[in-house]
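Peer 1: Just dropping this structure here.
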Amino acid sequence: MSFFRLKDLIRAVRVCKTAADERSVIQRESAAIRTSFKEADTHDARYVNIQKLLYIYLLGFPVQFGQLECLKLAASTRFSDKRVGYLGVTLLLDEKQEILTLLTNSLKSDMHSADDYIVGLALCTLANVGSAAVANDLVDEVERLLGSARSYVRKKAALAAVRVVRREPELAATFVGRTRALLGDKHHGVQLAGAALAGELCVHSQEALDEGRRLVPVVVRQVRALLGTASPEHEVGGINDPFLLAALLRLLCVVARGSQEAADAANDVLTQVATQVGGGSGSGGGKNVATAILYECCVTVLGVPSAQALRVLAINQLGAFLAHADNNVRYVALATLATAVISEAPAVQRHRATVVQCMADPDSSIRRRAVDLGFALINAQNVHPMVDAILRVLPQADADLKPSMVHRLAAAIALFGEDTAWRVERMLRVLHVAGAHLASRDLHKFLRLVAGGNEDVPVDDALRRRTVRQCFALLQRDVSQDKMVVAGVWMVGEYADLLVAGEQQQQQQQQQKQGAVGVDAEGLDILGALGRPVENKTPTMATSGALVSLDEELPQATPTPAEVARLLATLARSPAVSRTTQHMALTALAKLAGRTADPAALSCIQQALATHTRSMDSETQARAAEFQVLLGESSLGSVLQGVVERMPVPEYPDVAYEEYVLNPAAMRMKALTVIRRPALRPEDLDAPPASAEDAAAAATAGEAASKQAVVSDLLGLMDDVQPVSPVTATSPPAATTTALADLLSATTLTPTLAAAQSTQPAGLDTPYEAYNDAQGLRITLTPSKLPATASSSEHSTPLDILVTFANTGDCAVESLALLVAVPKSQTLQMAAPSAQNIACGMSATQIVRVANPTRAPVRLRMKLSYVADGRQHQTMFDFSGFPSTVV
C-alpha cells in the first residue's frame, strides 16, 4: 500500500501505537517510493515522493537512494520542483560526496535566471553544501551576483561567497574589493552578509585584513547609525537591528586585533555601545537583547588593544553579568573572564567574591566555570582565601571534576604558598577530603616537601611531628581516601619516633583506656573484620569518618607505640586499602619494631607478621617472612639498623609546576612557542667544518660586528655555528642490588634506589648569572635534567634551563619579553614567562628547554626588552658560561 499524498503518510505514522508499527509503515512506503523511481514517472510523482522522503529522513530512517532524484528535481524548470529538489540536496548530500559535482550545471544555469527567487535557491544551496570543486567552478558567478542591482540577490551572493572562501581560501582576493560596497549598503540584510564575508576574508587573507582595517571608519559609521536612529522595522527589544549590530562588533574585533590604530578608531564607538545599550548602569535593563549586545561589546574590547579605561569598563560589565538571573549569561561571563584574567588580572580580581559565590551554584556548568576562573585568580596575595574557598566546595564537587581540582590545588599551594607549615596543612586537608583523586606526582611532591628535599623550604622536626600526628588522627577517622592512607603510612613508618608519646603521656593514656570494650588481651580489635582501627575514645577525637571542617584545626594524636602498631596491623589486613598500601604498612611495622622497645608493640608486630606469613598473596607472604626473620635473628642487627633508619631525601631534581596550569584558557593561549631556525642555505651545506681556533675567531668577530649593526632577525644570529661531533659519555657504574634495596622495593612513592643514587653531572642545579644591569634587573640561569630512564639515554634527555628574572631595583619592571636563539645543531622550546610585570623585590621565571643531540657546548644569544621607570630598555647579550659537563 502506498500513500499518495504527504499528509496521508504523516497521518499513518501518527496513528502507529508502537515503534514496530512505525517502522513497518516507513519500510512499505520506502519500497513503494523506490519502485516509483525505477519506473517512467512524471514530475508530479517525483515531487511528492521527494517530499515524503524528506519527511522519512527527518524521522531518522535511511533515504540515500533518493539523492539522484533530488538532483533531477532541482534541474526542473518549475520553481516548486526546484525548491523541493534543492531542499533535498541540502539535507541528503554533503560536500564530501562526488555526486555533488553533477549539481554544478544546474546551479550555474539557475544563477543566470531572471527570477530572483530561483537565483536565491541556487546561492543558498551553494552556501550550504558547496564543495571546493564546486566553489572553484562558480566563483565567477558569485562575484558577478555581488554586484547585482537587487538587494535580495546581493545578500544571498555574499553568503555564498563566505562558503567559497572557507572551502578555497586562495579565492579570497576575488571578493576583497566588494566588501566596502556591501558594508555601505542601505539594506540591513546586505550589511549583515557583508560583515560575515569581511570577517571571513580577514581570517584567510592578509590583503583582506589590511583592507578591513581601512574599512574601520565605515564600520564605526554604521554602528553609530544603528545607535542613533530608530527603525520600527528592525527594532528588537528597544535596540535597532541587534543582529547587525552584533555582527559589526564581531567584525571590529577581527580587524582591530593587533592594530593599535584601528583600535583607537573604534574606542569611542565601543564606549558609546557600552554606555548607551547598558543604560549607564551596566545592567542592560535585564533584557536578553541588550545583554547580548553588551557581551559582544565586552568581547570586542578585550580582543583588541583598546584603551585601559575601556577594558576596565568591559571587565566590570562582565562582573555584573555574574549576578544575572540567566545561567547562560553567567556561563559566558565566567568563560570570558577566565580568558581576560591573563591580561587584566587586577580588574578581574575585584569580582573575586562573586566568583567564589558562583562556585556553590546549583548548576554544575556554572560551578565548573567558576572553579576554573577561581584557580586563574590565585596569586601570591590571595592564595590563602582562594585555596580555602575551593577547599570548601571540593567535597560537593562532581566526581569527574575532582581530579583536576586537587591537581590544581596542589599546584597553587606549591606555587604561591610561602609558609611551609601552611602548605603542609592545606595539602593534608586536600588528602583528607579528596585523596582518592590525587595524582601520584602531586603526592610525591608533598612527601618530598615533608622530607625536607627542597633547600629553599626548610622543614624541622617540630613540623614533621605535628604532621605525622595529624596524619595518624586522620587515619583513625577514615581510610577511604587511598592517597591519604599512603601518605599517612609512609610518614608513620618514617617518623614513628616523632609520633609516639612520652612515658608520662603513655601512663595517662593507659589509665584512660582501662575498661575499654572491644579489645582483647593483646590490644587487637575483636571487630577487626570491619577493616578499621580501634577508636581512641579520648575527648579530642571526633566521630569516625566525619570530615574535618575548614574552620576546625586538624586533630592531632599522641599514641603509644602499641597503638601505632595496632593501627598499622589493621591497615595491613584491611580490604579497604590497596595491596601496595598493605605492603607499605608491613614495612612501617618493621621500622617501628626497630625503633621501640615497648613489649606490647613488639608483640602486636610479631602477631601481625605471623598472620601475613600465611597470606594467599605471594608478595605479602614473602615480605612478612623476611621481616619476621629480620626481627628474630640477633645476627642481623646491623641490617636491621639500616632498614629502620629514615630514608634519604631523593636527589633527583624536582620539576616545578607551571603557573599556567591553573588556567585552562592560559594553556590554550600560552602554549609552548617553538623557535625554529631558518632553512639551510646552499653555502651552509657546502662549507667545510671549521677548526676550534677558526670557530672561536669567527665567534669573536661576530660578537664585535653585532654591536655595530642593527639585527632584525634574532633567529639568524647563531647560523655561524657548525654541528659538533657527538661525544661518548661515560656511563656510571651500575648500582649493586642489596638486600636492603630489595626489602624497600615495594614502596612506590619514590624512584628506585638505583635511580635515587645516580649522580647528576657537575654543574646542574646551580644558578649562573647571565645579566645584571643598572636598573636592578638580574637574570640567572639554572640548568637541570631529568634522570635518564630505560627508554631514554642521557644523550636524548633535553636540558631544562630555569630563567629567573629578579627585580632588585627601585622601580617596577613591565612588559618583560625575552627572545633566545641557539646554534643550528640544537633546538629550542620556550614556555611563557610566569609574569610580564615584576614589582620591586619580586621575581618571575621562564622555562627554556634545549635539545642537544650532538652534545655541543650550549650557547645562548638573548634579546631582552622591558619597560622601567617609564622608559623602554632593549639589550642583546650572549651567554656561554655553563661548564662543559652541562650539555
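Chains: A, B, ... in order of the C-alpha cells. Residues: from 1 per chain. Ligands: from 1, in order shown.
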Tell me which protein, DNA and RNA residues are within 7 Å of A:Val134, counting only C-alpha atoms, leaving out same-chain ones fewer than 3 positions away, and put them as a list in words.

Peer 2: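 Using only C-alpha atoms, the neighbours found are Thr101, Thr104, Gly130, Ser131, Asp137 and Leu138 of chain A.
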
Peer 1: Leaving out A:Leu192 and any residue of its chain fewer than 3 positions from it, which residues lie within 7 Å of it when counting only C-alpha atoms, given as a ChimeraX atom specification?

Peer 2: /A:188-189,195-196,244,247

Peer 1: Find the residues near A:Arg849: any atom within 12 Å, counting only C-alpha atoms, skip ones fewer than 3 places away on the same chain, and give them as a PyMOL selection string.

Peer 2: chain A and resi 672-675+781-786+797-803+820-822+826-832+846+852+858+860+887

Peer 1: With stretch 472-478 of chain A as the partner and 12 Å as the cut-off, tabulate the residues of stretch 566-597 of chain A that qualify, each row holding the nearest pair of atoms and their distance in Å to one decimal, using only C-alpha atoms, sorted by chain and rising number, as a Markdown table.

Peer 2:
| residue | atom | partner | partner_atom | distance |
| --- | --- | --- | --- | --- |
| A:Arg566 | CA | A:Gln476 | CA | 11.0 |
| A:Leu567 | CA | A:Gln476 | CA | 7.9 |
| A:Leu568 | CA | A:Leu475 | CA | 10.0 |
| A:Thr570 | CA | A:Gln476 | CA | 10.6 |
| A:Leu571 | CA | A:Leu475 | CA | 9.5 |
| A:Ala576 | CA | A:Asp478 | CA | 10.3 |
| A:Val577 | CA | A:Asp478 | CA | 11.2 |

Peer 1: Write out as a PyMOL selection string which residues come within 8 Å of stretch 93-96 of chain A when counting only C-alpha atoms, dropping same-chain ones fewer than 2 positions away.

Peer 2: chain A and resi 67+88-91+98+100+129-131

Peer 1: Using the selection just defined, write its residues with all heavy atoms as an mmCIF file, in the first residue's frame.

Peer 2:
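The resulting result.cif:
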data_model
loop_
_atom_site.group_PDB
_atom_site.id
_atom_site.type_symbol
_atom_site.label_atom_id
_atom_site.label_comp_id
_atom_site.auth_asym_id
_atom_site.auth_seq_id
_atom_site.Cartn_x
_atom_site.Cartn_y
_atom_site.Cartn_z
ATOM 1 N N GLN A 67 18.958 10.408 -3.467
ATOM 2 C CA GLN A 67 19.848 11.552 -3.715
ATOM 3 C C GLN A 67 19.839 11.967 -5.186
ATOM 4 O O GLN A 67 19.731 13.156 -5.510
ATOM 5 C CB GLN A 67 21.272 11.201 -3.269
ATOM 6 C CG GLN A 67 21.426 11.026 -1.768
ATOM 7 C CD GLN A 67 22.818 10.575 -1.380
ATOM 8 O OE1 GLN A 67 23.609 10.161 -2.237
ATOM 9 N NE2 GLN A 67 23.116 10.636 -0.090
ATOM 10 N N GLY A 88 16.086 18.962 -0.847
ATOM 11 C CA GLY A 88 16.569 17.585 -0.712
ATOM 12 C C GLY A 88 18.068 17.479 -0.856
ATOM 13 O O GLY A 88 18.736 16.718 -0.138
ATOM 14 N N VAL A 89 18.653 18.242 -1.789
ATOM 15 C CA VAL A 89 20.116 18.245 -1.946
ATOM 16 C C VAL A 89 20.789 18.746 -0.669
ATOM 17 O O VAL A 89 21.797 18.179 -0.211
ATOM 18 C CB VAL A 89 20.506 19.116 -3.156
ATOM 19 C CG1 VAL A 89 22.012 19.354 -3.168
ATOM 20 C CG2 VAL A 89 20.070 18.450 -4.443
ATOM 21 N N THR A 90 20.243 19.780 -0.077
ATOM 22 C CA THR A 90 20.832 20.343 1.136
ATOM 23 C C THR A 90 20.794 19.361 2.293
ATOM 24 O O THR A 90 21.741 19.281 3.082
ATOM 25 C CB THR A 90 20.090 21.633 1.523
ATOM 26 O OG1 THR A 90 20.161 22.554 0.432
ATOM 27 C CG2 THR A 90 20.714 22.267 2.754
ATOM 28 N N LEU A 91 19.711 18.580 2.400
ATOM 29 C CA LEU A 91 19.564 17.671 3.535
ATOM 30 C C LEU A 91 20.246 16.324 3.308
ATOM 31 O O LEU A 91 20.824 15.759 4.244
ATOM 32 C CB LEU A 91 18.079 17.443 3.830
ATOM 33 C CG LEU A 91 17.296 18.648 4.359
ATOM 34 C CD1 LEU A 91 15.831 18.291 4.553
ATOM 35 C CD2 LEU A 91 17.882 19.147 5.664
ATOM 36 N N GLU A 98 30.864 12.682 -4.194
ATOM 37 C CA GLU A 98 31.238 13.048 -5.553
ATOM 38 C C GLU A 98 30.018 13.369 -6.419
ATOM 39 O O GLU A 98 30.128 14.085 -7.410
ATOM 40 C CB GLU A 98 32.033 11.905 -6.190
ATOM 41 C CG GLU A 98 33.372 11.633 -5.507
ATOM 42 C CD GLU A 98 34.137 10.525 -6.180
ATOM 43 O OE1 GLU A 98 33.605 9.961 -7.167
ATOM 44 O OE2 GLU A 98 35.260 10.223 -5.737
ATOM 45 N N LEU A 100 27.846 15.317 -5.916
ATOM 46 C CA LEU A 100 27.515 16.738 -5.847
ATOM 47 C C LEU A 100 28.030 17.498 -7.067
ATOM 48 O O LEU A 100 27.486 18.555 -7.415
ATOM 49 C CB LEU A 100 28.096 17.339 -4.560
ATOM 50 C CG LEU A 100 27.644 18.748 -4.183
ATOM 51 C CD1 LEU A 100 26.147 18.771 -3.912
ATOM 52 C CD2 LEU A 100 28.409 19.252 -2.972
ATOM 53 N N VAL A 129 26.072 23.459 0.924
ATOM 54 C CA VAL A 129 26.750 22.191 0.636
ATOM 55 C C VAL A 129 27.837 22.334 -0.416
ATOM 56 O O VAL A 129 28.327 21.320 -0.934
ATOM 57 C CB VAL A 129 25.730 21.120 0.183
ATOM 58 C CG1 VAL A 129 24.769 20.796 1.295
ATOM 59 C CG2 VAL A 129 24.989 21.562 -1.068
ATOM 60 N N GLY A 130 28.230 23.534 -0.762
ATOM 61 C CA GLY A 130 29.234 23.707 -1.812
ATOM 62 C C GLY A 130 30.583 23.145 -1.422
ATOM 63 O O GLY A 130 31.122 23.441 -0.352
ATOM 64 N N SER A 131 31.161 22.323 -2.301
ATOM 65 C CA SER A 131 32.491 21.754 -2.061
ATOM 66 C C SER A 131 33.551 22.643 -2.689
ATOM 67 O O SER A 131 33.254 23.659 -3.336
ATOM 68 C CB SER A 131 32.560 20.347 -2.663
ATOM 69 O OG SER A 131 32.379 20.396 -4.062
#

Peer 1: I'd like to know which of A:His112, A:Arg369, A:Arg466, A:Arg646 is closest to A:Asn663, using only C-alpha atoms.

Peer 2: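 Of A:His112, A:Arg369, A:Arg466, A:Arg646, the one nearest A:Asn663 is A:Arg369, counting only C-alpha atoms.
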
Peer 1: Please provide the set of residues having any atom within 9 Å of A:Leu409, restricted to only C-alpha atoms, with same-chain residues fewer than 4 positions apart removed, written as a ChimeraX atom specification.

Peer 2: /A:375,387,390-391,404-405,413-414,427,430,662

Peer 1: Leaving out A:Ala161 and any residue of its chain fewer than 6 positions from it, which residues lie within 8 Å of it when counting only C-alpha atoms, given as a ChimeraX atom specification?

Peer 2: /A:127,139,142-143,175,197

Peer 1: Atom CA of A:Leu589 and atom CA of A:Val548, how far apart in Å?

Peer 2: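 Those two atoms sit 27.4 Å apart.
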
Peer 1: How far is it from atom CA of A:Asn288 to atom CA of A:Val332, in Å with one decimal?

Peer 2: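 Pair atom CA of A:Asn288 / atom CA of A:Val332 returns 13.2 Å.
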
Peer 1: Using Å and a single decimal, report how far atom CA of A:Arg350 sits from atom CA of A:Leu550.

Peer 2: 24.3 Å
